[in-house]
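Structure data (TSV, C-alpha atoms) from run08.tsv:
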```tsv
chain	number	residue	atom	x	y	z
A	1	MET	CA	99.81	91.48	59.45
A	2	VAL	CA	101.38	93.64	62.09
A	3	TYR	CA	101.21	91.52	65.21
A	4	ILE	CA	100.56	93.76	68.21
A	5	THR	CA	99.66	93.56	71.90
A	6	GLU	CA	97.18	90.82	72.67
A	7	ALA	CA	93.62	92.06	73.08
A	8	HIS	CA	92.60	89.61	75.81
A	9	PRO	CA	95.57	88.06	77.58
A	10	SER	CA	94.56	85.72	80.39
A	11	ASP	CA	96.18	87.86	83.10
A	12	VAL	CA	94.50	91.09	82.01
A	13	TRP	CA	91.08	90.65	80.45
A	14	GLN	CA	90.23	87.04	79.85
A	15	MET	CA	87.35	86.19	77.53
A	16	GLN	CA	85.20	83.11	78.00
A	17	SER	CA	85.10	82.65	74.25
A	18	ASN	CA	88.90	82.34	74.19
A	19	ILE	CA	88.82	79.75	76.98
A	20	LYS	CA	86.25	77.81	74.99
A	21	ASP	CA	88.47	77.95	71.91
A	22	ASN	CA	91.55	77.09	73.97
A	23	VAL	CA	93.23	80.35	72.98
A	24	VAL	CA	94.67	81.29	76.34
A	25	PHE	CA	97.87	83.28	76.58
A	26	ALA	CA	99.24	85.41	79.38
A	27	SER	CA	100.85	88.72	78.50
A	28	PRO	CA	104.30	88.03	77.07
A	29	LYS	CA	107.11	89.21	79.32
A	30	ASN	CA	109.63	89.81	76.57
A	31	GLU	CA	110.00	89.96	72.82
A	32	GLU	CA	110.71	86.22	72.52
A	33	GLU	CA	107.46	85.33	74.26
A	34	ARG	CA	105.61	87.80	72.07
A	35	ALA	CA	107.13	86.21	68.97
A	36	PHE	CA	106.04	82.78	70.21
A	37	ILE	CA	102.41	83.85	70.56
A	38	ALA	CA	102.54	85.65	67.23
A	39	GLY	CA	103.81	82.47	65.59
A	40	ALA	CA	100.98	80.46	67.14
A	41	CYS	CA	98.51	83.08	65.92
A	42	VAL	CA	99.73	82.90	62.34
A	43	ARG	CA	99.89	79.09	62.28
A	44	LYS	CA	96.57	78.38	63.97
A	45	LEU	CA	94.61	81.01	62.06
A	46	GLY	CA	96.23	80.02	58.77
A	47	ILE	CA	97.32	83.56	58.01
A	48	LYS	CA	98.97	83.54	54.62
A	49	PHE	CA	100.18	87.09	54.26
A	50	PRO	CA	103.58	88.28	55.45
A	51	SER	CA	103.58	89.15	59.12
A	52	VAL	CA	105.80	91.36	61.19
A	53	LEU	CA	106.19	91.72	64.91
A	54	ASP	CA	105.65	95.08	66.56
A	55	GLU	CA	108.52	95.76	68.94
A	56	PHE	CA	107.94	95.34	72.65
A	57	GLY	CA	107.45	99.05	73.22
A	58	ASN	CA	104.46	99.00	70.80
A	59	SER	CA	105.79	101.95	68.81
A	60	THR	CA	104.09	100.95	65.56
A	61	GLU	CA	100.78	100.19	67.25
A	62	ARG	CA	100.84	103.62	68.90
A	63	ALA	CA	101.76	105.40	65.66
A	64	TYR	CA	98.78	103.80	63.91
A	65	THR	CA	96.40	103.40	66.89
A	66	GLY	CA	96.14	99.79	65.75
A	67	TRP	CA	94.96	98.06	68.93
A	68	PRO	CA	92.97	95.85	69.19
A	69	ASP	CA	92.72	95.50	65.42
A	70	ARG	CA	92.58	97.82	62.48
A	71	ILE	CA	93.19	97.93	58.73
A	72	TYR	CA	95.11	100.50	56.69
A	73	LEU	CA	95.82	100.79	53.01
A	74	ILE	CA	98.94	102.75	52.12
A	75	ASP	CA	99.44	103.79	48.51
A	76	ALA	CA	102.70	103.67	46.60
A	77	GLN	CA	103.38	107.29	47.53
A	78	GLY	CA	103.34	106.38	51.20
A	79	ARG	CA	99.99	108.06	51.93
A	80	VAL	CA	97.12	106.60	53.91
A	81	VAL	CA	94.28	105.97	51.46
A	82	TYR	CA	92.12	103.85	53.72
A	83	LYS	CA	91.90	103.70	57.49
A	84	SER	CA	89.31	101.49	59.12
A	85	LYS	CA	87.57	102.49	62.28
A	86	PRO	CA	88.97	100.84	65.38
A	87	GLY	CA	88.21	97.18	65.86
A	88	PRO	CA	86.38	95.16	66.70
A	89	PHE	CA	83.43	97.31	65.64
A	90	GLY	CA	85.23	98.98	62.77
A	91	PHE	CA	87.22	96.03	61.45
A	92	LEU	CA	85.42	95.65	58.13
A	93	PRO	CA	87.37	93.85	55.38
A	94	ASP	CA	84.66	94.68	52.85
A	95	GLU	CA	85.57	98.35	53.18
A	96	LEU	CA	89.17	97.43	52.41
A	97	SER	CA	88.04	95.56	49.31
A	98	THR	CA	86.34	98.70	48.06
A	99	ALA	CA	89.38	100.84	48.84
A	100	LEU	CA	91.68	98.35	47.13
A	101	ALA	CA	89.54	98.31	44.01
A	102	LYS	CA	89.82	102.10	43.85
A	103	THR	CA	93.56	102.08	44.45
A	104	VAL	CA	94.84	99.11	42.45
A	105	GLY	CA	91.84	98.36	40.27
A	106	PRO	CA	89.41	95.46	40.34
A	107	ALA	CA	90.66	91.93	40.99
A	108	LYS	CA	91.90	90.05	37.95
A	109	ASN	CA	90.67	86.58	37.04
A	110	ASN	CA	94.15	85.10	36.79
A	111	GLU	CA	95.10	85.97	40.32
A	112	ALA	CA	96.46	83.09	42.34
A	113	THR	CA	94.13	81.80	44.99
A	114	ASP	CA	94.59	79.22	47.69
A	115	PRO	CA	92.09	76.83	49.28
A	116	HIS	CA	91.76	79.10	52.30
A	117	GLY	CA	90.40	81.95	50.25
A	118	ALA	CA	93.55	84.04	50.23
A	119	THR	CA	94.03	86.02	47.06
A	120	GLN	CA	97.36	87.26	45.84
A	121	ILE	CA	97.22	90.72	44.38
A	122	SER	CA	99.17	90.66	41.12
A	123	ASP	CA	102.82	90.14	42.01
A	124	ASN	CA	102.66	91.99	45.29
A	125	GLN	CA	103.81	90.34	48.44
A	126	ILE	CA	100.54	91.17	50.11
A	127	LEU	CA	97.85	88.58	50.52
A	128	ILE	CA	94.35	89.51	51.52
A	129	ARG	CA	92.08	87.02	53.23
A	130	GLU	CA	88.62	87.32	51.85
A	131	ASN	CA	85.46	86.92	53.85
A	132	PRO	CA	84.31	83.32	54.06
B	1	MET	CA	34.91	105.69	80.08
B	2	LYS	CA	36.79	108.77	81.16
B	3	TRP	CA	40.12	108.77	82.88
B	4	ASP	CA	40.42	110.98	85.87
B	5	ARG	CA	44.05	111.91	85.64
B	6	SER	CA	44.06	113.49	89.05
B	7	LYS	CA	43.39	110.03	90.59
B	8	LEU	CA	46.44	108.56	88.88
B	9	ARG	CA	48.81	110.88	90.66
B	10	ILE	CA	50.70	109.45	93.56
B	11	LYS	CA	50.80	111.84	96.41
B	12	LEU	CA	54.12	111.82	98.18
B	13	SER	CA	54.96	113.32	101.48
B	14	PRO	CA	57.61	116.06	101.48
B	15	THR	CA	60.05	113.62	103.11
B	16	ALA	CA	59.50	110.99	100.44
B	17	ARG	CA	59.94	113.59	97.72
B	18	LYS	CA	63.18	114.69	99.29
B	19	TRP	CA	64.49	111.12	99.43
B	20	LEU	CA	63.45	110.44	95.87
B	21	SER	CA	65.33	113.55	94.76
B	22	VAL	CA	68.41	112.42	96.65
B	23	VAL	CA	68.24	108.95	95.07
B	24	ALA	CA	67.81	110.48	91.60
B	25	VAL	CA	70.83	112.76	92.09
B	26	VAL	CA	72.93	109.86	93.40
B	27	LEU	CA	71.97	107.72	90.39
B	28	VAL	CA	72.83	110.51	87.95
B	29	VAL	CA	76.17	111.16	89.65
B	30	ALA	CA	76.96	107.42	89.69
B	31	TYR	CA	76.04	107.11	86.01
B	32	VAL	CA	78.22	110.05	85.01
B	33	ALA	CA	81.11	108.84	87.20
B	34	PHE	CA	80.90	105.31	85.82
B	35	GLY	CA	80.71	106.61	82.24
B	36	SER	CA	83.68	108.87	82.90
B	37	LEU	CA	85.65	105.89	84.19
B	38	VAL	CA	84.88	103.92	81.04
B	39	TRP	CA	85.84	106.90	78.86
B	40	TRP	CA	89.05	107.46	80.82
B	41	ALA	CA	89.97	103.78	80.52
B	42	MET	CA	89.41	103.83	76.77
B	43	ASN	CA	91.97	106.61	76.49
B	44	GLN	CA	94.63	104.68	78.41
B	45	PRO	CA	97.13	102.16	77.02
B	46	PRO	CA	95.56	98.80	76.11
B	47	GLU	CA	96.72	96.99	79.24
B	48	THR	CA	95.22	99.61	81.56
B	49	PHE	CA	91.98	99.57	79.61
B	50	GLY	CA	91.88	95.78	79.80
B	51	ARG	CA	92.46	95.73	83.55
B	52	VAL	CA	89.65	98.22	84.11
B	53	MET	CA	87.26	96.34	81.84
B	54	ALA	CA	88.09	93.04	83.53
B	55	LYS	CA	86.71	94.47	86.79
B	56	MET	CA	83.49	95.70	85.21
B	57	PRO	CA	80.36	93.70	86.00
B	58	GLY	CA	79.76	91.66	82.85
B	59	PRO	CA	78.11	93.49	79.98
B	60	VAL	CA	77.06	96.48	82.11
B	61	PRO	CA	79.27	99.07	80.36
B	62	PHE	CA	78.05	97.86	76.99
B	63	LEU	CA	74.40	98.04	78.01
B	64	LEU	CA	74.37	101.26	80.03
B	65	PHE	CA	76.56	103.44	77.83
B	66	PRO	CA	76.95	104.13	74.12
B	67	PHE	CA	80.09	102.01	74.33
B	68	GLU	CA	80.70	101.74	70.60
B	69	THR	CA	80.34	105.52	70.09
B	70	PHE	CA	82.77	106.17	72.95
B	71	TRP	CA	85.19	103.59	71.54
B	72	MET	CA	85.19	105.02	68.03
B	73	LYS	CA	86.08	108.45	69.41
B	74	ALA	CA	88.61	107.26	71.99
B	75	ARG	CA	90.48	105.07	69.49
B	76	ALA	CA	90.09	107.36	66.47
B	77	GLY	CA	93.82	108.08	66.39
B	78	THR	CA	95.60	111.00	64.79
B	79	LEU	CA	96.36	109.57	61.36
B	80	GLN	CA	93.98	110.72	58.67
B	81	VAL	CA	93.38	109.63	55.12
B	82	GLY	CA	95.97	111.57	53.10
B	83	SER	CA	98.50	111.58	55.96
B	84	ALA	CA	101.98	110.27	55.38
B	85	ALA	CA	102.12	106.73	56.77
B	86	PRO	CA	104.56	106.53	59.69
B	87	ASP	CA	107.53	104.46	58.63
B	88	PHE	CA	108.59	101.40	60.58
B	89	SER	CA	111.18	98.70	60.39
B	90	LEU	CA	109.99	95.52	62.07
B	91	PHE	CA	111.21	91.94	62.14
B	92	LYS	CA	109.33	89.27	60.30
B	93	LEU	CA	107.98	86.66	62.69
B	94	ASP	CA	110.81	84.27	61.97
B	95	LYS	CA	113.33	87.04	62.73
B	96	THR	CA	115.11	86.34	59.44
B	97	GLU	CA	114.91	89.92	58.22
B	98	ARG	CA	113.41	93.29	58.87
B	99	VAL	CA	110.62	94.77	56.79
B	100	GLN	CA	110.69	98.51	56.26
B	101	LEU	CA	107.40	100.00	55.19
B	102	SER	CA	108.94	102.79	53.11
B	103	ALA	CA	110.99	100.25	51.15
B	104	LEU	CA	108.08	97.86	50.71
B	105	ASN	CA	105.66	100.40	49.34
B	106	LYS	CA	107.96	102.26	46.99
B	107	GLN	CA	106.45	100.49	44.02
B	108	GLN	CA	103.21	99.08	45.36
B	109	PRO	CA	100.40	99.78	47.78
B	110	VAL	CA	100.60	97.99	51.11
B	111	VAL	CA	97.83	96.73	53.36
B	112	LEU	CA	98.51	96.79	57.08
B	113	VAL	CA	96.33	94.54	59.21
B	114	PHE	CA	96.92	95.15	62.89
B	115	GLY	CA	95.83	92.39	65.19
B	116	SER	CA	96.59	89.68	67.70
B	117	TYR	CA	95.45	86.17	68.56
B	118	THR	CA	93.03	86.75	71.44
```
Serialized structure, C-alpha coordinates:
Amino acid sequence: MVYITEAHPSDVWQMQSNIKDNVVFASPKNEEERAFIAGACVRKLGIKFPSVLDEFGNSTERAYTGWPDRIYLIDAQGRVVYKSKPGPFGFLPDELSTALAKTVGPAKNNEATDPHGATQISDNQILIRENP
Amino acid sequence: MKWDRSKLRIKLSPTARKWLSVVAVVLVVAYVAFGSLVWWAMNQPPETFGRVMAKMPGPVPFLLFPFETFWMKARAGTLQVGSAAPDFSLFKLDKTERVQLSALNKQQPVVLVFGSYT
(Lines of atoms letter the chains of each structure in order from A and count residues from 1; the text may use other names and numbers.)
(Lines give C-alpha, C1' and ligand atoms only; values in the text may rest on other atoms or scores of the structure.)
Protein backbone atom coordinates (compact mmCIF):
# COMPACT_ATOMS: atom_id res chain seq x y z
CA MET A 1 0.00 0.00 0.00
CA VAL A 2 1.09 3.53 -0.67
CA TYR A 3 -0.20 5.45 2.32
CA ILE A 4 -1.31 8.90 1.20
CA THR A 5 -3.18 11.96 2.49
CA GLU A 6 -6.12 11.08 4.68
CA ALA A 7 -9.46 11.25 2.89
CA HIS A 8 -11.50 12.52 5.85
CA PRO A 9 -9.35 14.06 8.56
CA SER A 10 -11.37 15.45 11.45
CA ASP A 11 -10.26 19.05 10.84
CA VAL A 12 -11.13 19.04 7.13
CA TRP A 13 -14.04 16.80 6.20
CA GLN A 14 -15.18 14.65 9.07
CA MET A 15 -17.43 11.68 8.36
CA GLN A 16 -20.02 10.46 10.83
CA SER A 17 -19.18 6.89 9.90
CA ASN A 18 -15.58 7.45 11.02
CA ILE A 19 -16.75 8.90 14.34
CA LYS A 20 -18.94 5.85 14.81
CA ASP A 21 -15.97 3.57 14.10
CA ASN A 22 -13.71 5.67 16.31
CA VAL A 23 -11.40 6.41 13.39
CA VAL A 24 -10.79 10.07 14.05
CA PHE A 25 -7.53 11.70 13.07
CA ALA A 26 -6.69 15.33 12.44
CA SER A 27 -4.46 16.18 9.49
CA PRO A 28 -0.89 15.29 10.40
CA LYS A 29 1.36 18.32 10.77
CA ASN A 30 4.58 16.58 9.82
CA GLU A 31 5.95 13.35 8.44
CA GLU A 32 6.20 11.73 11.89
CA GLU A 33 2.52 12.30 12.57
CA ARG A 34 1.68 10.97 9.13
CA ALA A 35 3.74 7.85 9.82
CA PHE A 36 1.90 7.38 13.12
CA ILE A 37 -1.52 7.42 11.44
CA ALA A 38 -0.26 5.18 8.66
CA GLY A 39 0.96 2.69 11.26
CA ALA A 40 -2.43 2.72 12.99
CA CYS A 41 -4.11 2.19 9.61
CA VAL A 42 -2.01 -0.85 8.78
CA ARG A 43 -2.36 -2.39 12.25
CA LYS A 44 -6.08 -1.80 12.75
CA LEU A 45 -7.08 -2.84 9.24
CA GLY A 46 -4.79 -5.87 9.33
CA ILE A 47 -3.07 -4.93 6.10
CA LYS A 48 -0.59 -7.66 5.29
CA PHE A 49 1.14 -6.33 2.22
CA PRO A 50 4.23 -4.13 2.34
CA SER A 51 3.37 -0.49 2.85
CA VAL A 52 5.24 2.67 2.09
CA LEU A 53 4.66 6.23 3.17
CA ASP A 54 4.16 8.94 0.59
CA GLU A 55 6.36 11.90 1.47
CA PHE A 56 4.76 14.95 3.03
CA GLY A 57 4.65 16.84 -0.25
CA ASN A 58 2.43 14.08 -1.73
CA SER A 59 4.63 13.73 -4.81
CA THR A 60 3.74 10.09 -5.45
CA GLU A 61 0.02 10.66 -4.92
CA ARG A 62 0.11 13.51 -7.43
CA ALA A 63 2.09 11.49 -9.98
CA TYR A 64 -0.51 8.72 -9.83
CA THR A 65 -3.62 10.76 -8.95
CA GLY A 66 -4.05 8.25 -6.14
CA TRP A 67 -6.26 10.19 -3.72
CA PRO A 68 -8.53 9.15 -2.08
CA ASP A 69 -7.81 5.58 -3.14
CA ARG A 70 -6.85 3.85 -6.33
CA ILE A 71 -5.25 0.65 -7.62
CA TYR A 72 -2.52 0.22 -10.23
CA LEU A 73 -0.82 -2.83 -11.64
CA ILE A 74 2.66 -2.24 -13.02
CA ASP A 75 4.23 -4.96 -15.12
CA ALA A 76 7.84 -6.09 -14.95
CA GLN A 77 8.73 -3.68 -17.75
CA GLY A 78 7.59 -0.76 -15.63
CA ARG A 79 4.43 -0.09 -17.66
CA VAL A 80 0.97 0.55 -16.29
CA VAL A 81 -1.17 -2.45 -17.24
CA TYR A 82 -4.14 -1.69 -15.00
CA LYS A 83 -5.37 1.59 -13.58
CA SER A 84 -8.57 1.66 -11.59
CA LYS A 85 -10.94 4.56 -11.77
CA PRO A 86 -10.65 6.95 -8.86
CA GLY A 87 -12.00 5.77 -5.54
CA PRO A 88 -14.25 5.36 -3.83
CA PHE A 89 -16.49 4.70 -6.83
CA GLY A 90 -13.78 3.15 -8.95
CA PHE A 91 -11.93 1.17 -6.29
CA LEU A 92 -12.81 -2.31 -7.53
CA PRO A 93 -10.46 -5.11 -6.43
CA ASP A 94 -12.27 -7.57 -8.70
CA GLU A 95 -10.98 -5.63 -11.70
CA LEU A 96 -7.47 -5.99 -10.31
CA SER A 97 -7.97 -9.74 -9.98
CA THR A 98 -8.83 -9.94 -13.66
CA ALA A 99 -5.85 -7.79 -14.63
CA LEU A 100 -3.54 -9.87 -12.45
CA ALA A 101 -4.76 -13.10 -14.01
CA LYS A 102 -3.93 -11.68 -17.44
CA THR A 103 -0.52 -10.42 -16.36
CA VAL A 104 0.83 -13.15 -14.07
CA GLY A 105 -1.56 -15.99 -14.86
CA PRO A 106 -4.29 -17.55 -12.76
CA ALA A 107 -3.74 -18.13 -9.04
CA LYS A 108 -2.01 -21.38 -8.13
CA ASN A 109 -3.41 -23.81 -5.58
CA ASN A 110 -0.22 -23.95 -3.54
CA GLU A 111 -0.14 -20.25 -2.86
CA ALA A 112 0.23 -19.33 0.78
CA THR A 113 -2.88 -17.93 2.35
CA ASP A 114 -3.51 -16.45 5.76
CA PRO A 115 -6.64 -16.46 7.92
CA HIS A 116 -7.46 -12.91 6.85
CA GLY A 117 -7.82 -13.88 3.24
CA ALA A 118 -4.52 -12.45 2.05
CA THR A 119 -2.95 -14.40 -0.76
CA GLN A 120 0.72 -14.36 -1.55
CA ILE A 121 1.44 -14.31 -5.25
CA SER A 122 4.17 -16.87 -5.90
CA ASP A 123 7.34 -15.58 -4.29
CA ASN A 124 6.57 -11.93 -4.84
CA GLN A 125 6.60 -9.54 -1.95
CA ILE A 126 3.14 -8.36 -2.87
CA LEU A 127 0.12 -9.54 -0.99
CA ILE A 128 -3.36 -8.95 -2.27
CA ARG A 129 -6.32 -8.86 0.08
CA GLU A 130 -9.22 -10.64 -1.48
CA ASN A 131 -12.81 -9.62 -1.13
CA PRO A 132 -14.46 -11.09 1.95
CA MET B 1 -65.50 11.58 -20.37
CA LYS B 2 -63.58 14.14 -22.35
CA TRP B 3 -60.86 16.33 -20.99
CA ASP B 4 -61.07 19.94 -21.86
CA ARG B 5 -57.42 20.82 -21.96
CA SER B 6 -58.11 24.51 -22.18
CA LYS B 7 -59.62 24.37 -18.65
CA LEU B 8 -56.46 22.85 -17.22
CA ARG B 9 -54.36 25.83 -18.16
CA ILE B 10 -53.52 28.22 -15.41
CA LYS B 11 -53.86 31.75 -16.53
CA LEU B 12 -51.17 33.98 -15.14
CA SER B 13 -51.04 37.69 -15.13
CA PRO B 14 -48.14 39.30 -17.02
CA THR B 15 -46.58 40.26 -13.67
CA ALA B 16 -46.76 36.71 -12.36
CA ARG B 17 -45.25 35.40 -15.58
CA LYS B 18 -42.43 37.87 -15.28
CA TRP B 19 -41.70 36.82 -11.70
CA LEU B 20 -41.83 33.16 -12.58
CA SER B 21 -39.32 33.77 -15.36
CA VAL B 22 -37.04 35.61 -12.97
CA VAL B 23 -37.25 32.77 -10.42
CA ALA B 24 -36.53 30.19 -13.13
CA VAL B 25 -33.48 32.13 -14.33
CA VAL B 26 -32.21 32.56 -10.77
CA LEU B 27 -32.61 28.82 -10.11
CA VAL B 28 -30.77 27.90 -13.31
CA VAL B 29 -27.94 30.34 -12.54
CA ALA B 30 -27.71 29.04 -8.95
CA TYR B 31 -27.64 25.44 -10.18
CA VAL B 32 -24.89 26.13 -12.71
CA ALA B 33 -22.89 28.18 -10.17
CA PHE B 34 -23.20 25.49 -7.51
CA GLY B 35 -22.26 22.76 -10.00
CA SER B 36 -19.29 24.83 -11.14
CA LEU B 37 -18.15 25.19 -7.53
CA VAL B 38 -18.31 21.42 -7.03
CA TRP B 39 -16.41 20.84 -10.29
CA TRP B 40 -13.80 23.45 -9.37
CA ALA B 41 -13.35 21.89 -5.93
CA MET B 42 -12.86 18.43 -7.44
CA ASN B 43 -9.97 19.79 -9.47
CA GLN B 44 -8.21 21.26 -6.43
CA PRO B 45 -5.79 19.49 -4.07
CA PRO B 46 -7.51 17.03 -1.71
CA GLU B 47 -7.48 19.33 1.31
CA THR B 48 -9.17 22.17 -0.58
CA PHE B 49 -11.75 19.78 -1.98
CA GLY B 50 -12.41 18.41 1.51
CA ARG B 51 -12.87 21.87 3.01
CA VAL B 52 -15.36 22.83 0.31
CA MET B 53 -17.29 19.58 0.66
CA ALA B 54 -17.39 19.94 4.45
CA LYS B 55 -19.39 23.15 3.99
CA MET B 56 -21.87 21.61 1.59
CA PRO B 57 -25.34 20.91 2.96
CA GLY B 58 -25.35 17.16 3.56
CA PRO B 59 -25.91 15.00 0.51
CA VAL B 60 -27.08 17.89 -1.69
CA PRO B 61 -24.15 17.79 -4.16
CA PHE B 62 -24.58 14.05 -4.53
CA LEU B 63 -28.31 14.33 -5.17
CA LEU B 64 -28.43 17.42 -7.37
CA PHE B 65 -25.47 16.74 -9.63
CA PRO B 66 -24.02 13.77 -11.48
CA PHE B 67 -21.35 13.71 -8.77
CA GLU B 68 -19.82 10.38 -9.71
CA THR B 69 -19.51 11.37 -13.40
CA PHE B 70 -17.87 14.66 -12.42
CA TRP B 71 -15.54 12.83 -10.03
CA MET B 72 -14.40 10.26 -12.57
CA LYS B 73 -13.45 13.04 -14.99
CA ALA B 74 -11.89 15.36 -12.42
CA ARG B 75 -9.74 12.61 -10.90
CA ALA B 76 -8.99 10.75 -14.13
CA GLY B 77 -5.32 11.68 -13.96
CA THR B 78 -2.80 11.76 -16.77
CA LEU B 79 -1.35 8.26 -16.52
CA GLN B 80 -2.74 5.85 -19.06
CA VAL B 81 -2.52 2.12 -19.47
CA GLY B 82 0.75 1.59 -21.35
CA SER B 83 2.40 4.64 -19.77
CA ALA B 84 5.71 4.27 -17.99
CA ALA B 85 4.99 4.13 -14.26
CA PRO B 86 6.52 7.14 -12.49
CA ASP B 87 9.34 5.94 -10.30
CA PHE B 88 9.42 6.67 -6.60
CA SER B 89 11.58 5.93 -3.63
CA LEU B 90 9.57 5.93 -0.41
CA PHE B 91 10.23 4.80 3.13
CA LYS B 92 8.55 1.73 4.48
CA LEU B 93 6.28 2.57 7.37
CA ASP B 94 8.85 1.51 9.93
CA LYS B 95 11.43 3.79 8.27
CA THR B 96 13.91 0.91 8.14
CA GLU B 97 14.53 1.20 4.42
CA ARG B 98 13.38 2.84 1.25
CA VAL B 99 11.48 1.02 -1.47
CA GLN B 100 12.19 2.06 -5.03
CA LEU B 101 9.54 1.06 -7.51
CA SER B 102 11.94 0.60 -10.43
CA ALA B 103 14.07 -1.77 -8.35
CA LEU B 104 11.09 -3.68 -7.00
CA ASN B 105 9.49 -4.37 -10.34
CA LYS B 106 12.57 -5.29 -12.34
CA GLN B 107 11.67 -8.95 -12.13
CA GLN B 108 8.04 -8.94 -11.11
CA PRO B 109 4.81 -7.03 -11.53
CA VAL B 110 3.86 -4.72 -8.68
CA VAL B 111 0.45 -3.75 -7.37
CA LEU B 112 0.11 -0.26 -5.95
CA VAL B 113 -2.84 0.33 -3.65
CA PHE B 114 -3.18 3.99 -2.77
CA GLY B 115 -5.21 4.74 0.30
CA SER B 116 -5.52 6.06 3.82
CA TYR B 117 -7.31 5.20 7.05
CA THR B 118 -10.31 7.55 6.99
Taking only residues of segment 6-116 of chain A that have an atom at most 12 Å from an atom of segment 68-74 of chain B, what is each one's shortest atom pair and its distance in Å to one decimal, using all atoms listed in the file, in chain and number order, as a Markdown table?
```
| residue | atom | partner | partner_atom | distance |
| --- | --- | --- | --- | --- |
| A:Thr65 | CA | B:Ala74 | CA | 10.1 |
| A:Trp67 | CA | B:Trp71 | CA | 11.5 |
| A:Pro68 | CA | B:Trp71 | CA | 11.2 |
| A:Arg70 | CA | B:Met72 | CA | 11.7 |
| A:Ser84 | CA | B:Met72 | CA | 10.4 |
| A:Lys85 | CA | B:Met72 | CA | 6.7 |
| A:Pro86 | CA | B:Met72 | CA | 6.2 |
| A:Gly87 | CA | B:Met72 | CA | 8.7 |
| A:Pro88 | CA | B:Glu68 | CA | 9.5 |
| A:Phe89 | CA | B:Glu68 | CA | 7.2 |
| A:Gly90 | CA | B:Met72 | CA | 8.0 |
| A:Phe91 | CA | B:Met72 | CA | 11.3 |
```
Output as CSV one row per residue of chain B within 6 Å of chain A: the closest atom pair and its distance in Å to one decimal place, counting all atoms listed in the file, sorted by chain and residue number ascending.
```
residue,atom,partner,partner_atom,distance
B:Gly50,CA,A:Trp13,CA,5.2
B:Arg51,CA,A:Val12,CA,5.3
B:Ala54,CA,A:Trp13,CA,4.9
B:Gly77,CA,A:Thr65,CA,5.4
B:Val81,CA,A:Val80,CA,5.0
B:Gly82,CA,A:Val80,CA,5.2
B:Ser83,CA,A:Arg79,CA,5.6
B:Ala84,CA,A:Arg79,CA,4.6
B:Ala85,CA,A:Arg79,CA,5.5
B:Leu90,CA,A:Val52,CA,6.0
B:Phe91,CA,A:Val52,CA,5.5
B:Lys92,CA,A:Val52,CA,4.2
B:Leu93,CA,A:Val52,CA,5.4
B:Asn105,CA,A:Ala76,CA,5.2
B:Lys106,CA,A:Ala76,CA,5.5
B:Gln107,CA,A:Ala76,CA,5.6
B:Gln108,CA,A:Ala76,CA,4.8
B:Pro109,CA,A:Asp75,CA,4.2
B:Val110,CA,A:Ile74,CA,5.1
B:Val111,CA,A:Leu73,CA,4.5
B:Leu112,CA,A:Tyr72,CA,5.0
B:Val113,CA,A:Met1,CA,4.6
B:Phe114,CA,A:Val2,CA,4.8
B:Gly115,CA,A:Asp69,CA,4.4
B:Ser116,CA,A:Glu6,CA,5.1
B:Tyr117,CA,A:Cys41,CA,5.1
B:Thr118,CA,A:His8,CA,5.2
```
By how many Å are atom CA of Pro59 of chain B and atom CA of Tyr31 of chain B apart? 15.0 Å
Between atom CA of Lys48 of chain A and atom CA of Val99 of chain B, what is the spacing in Å?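 The value is 16.3 Å.
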Record the distance separating atom CA of Glu47 of chain B and atom CA of Arg75 of chain B, expressed in Å with one decimal.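 Straight-line distance from atom CA of Glu47 of chain B to atom CA of Arg75 of chain B works out to 14.1 Å.
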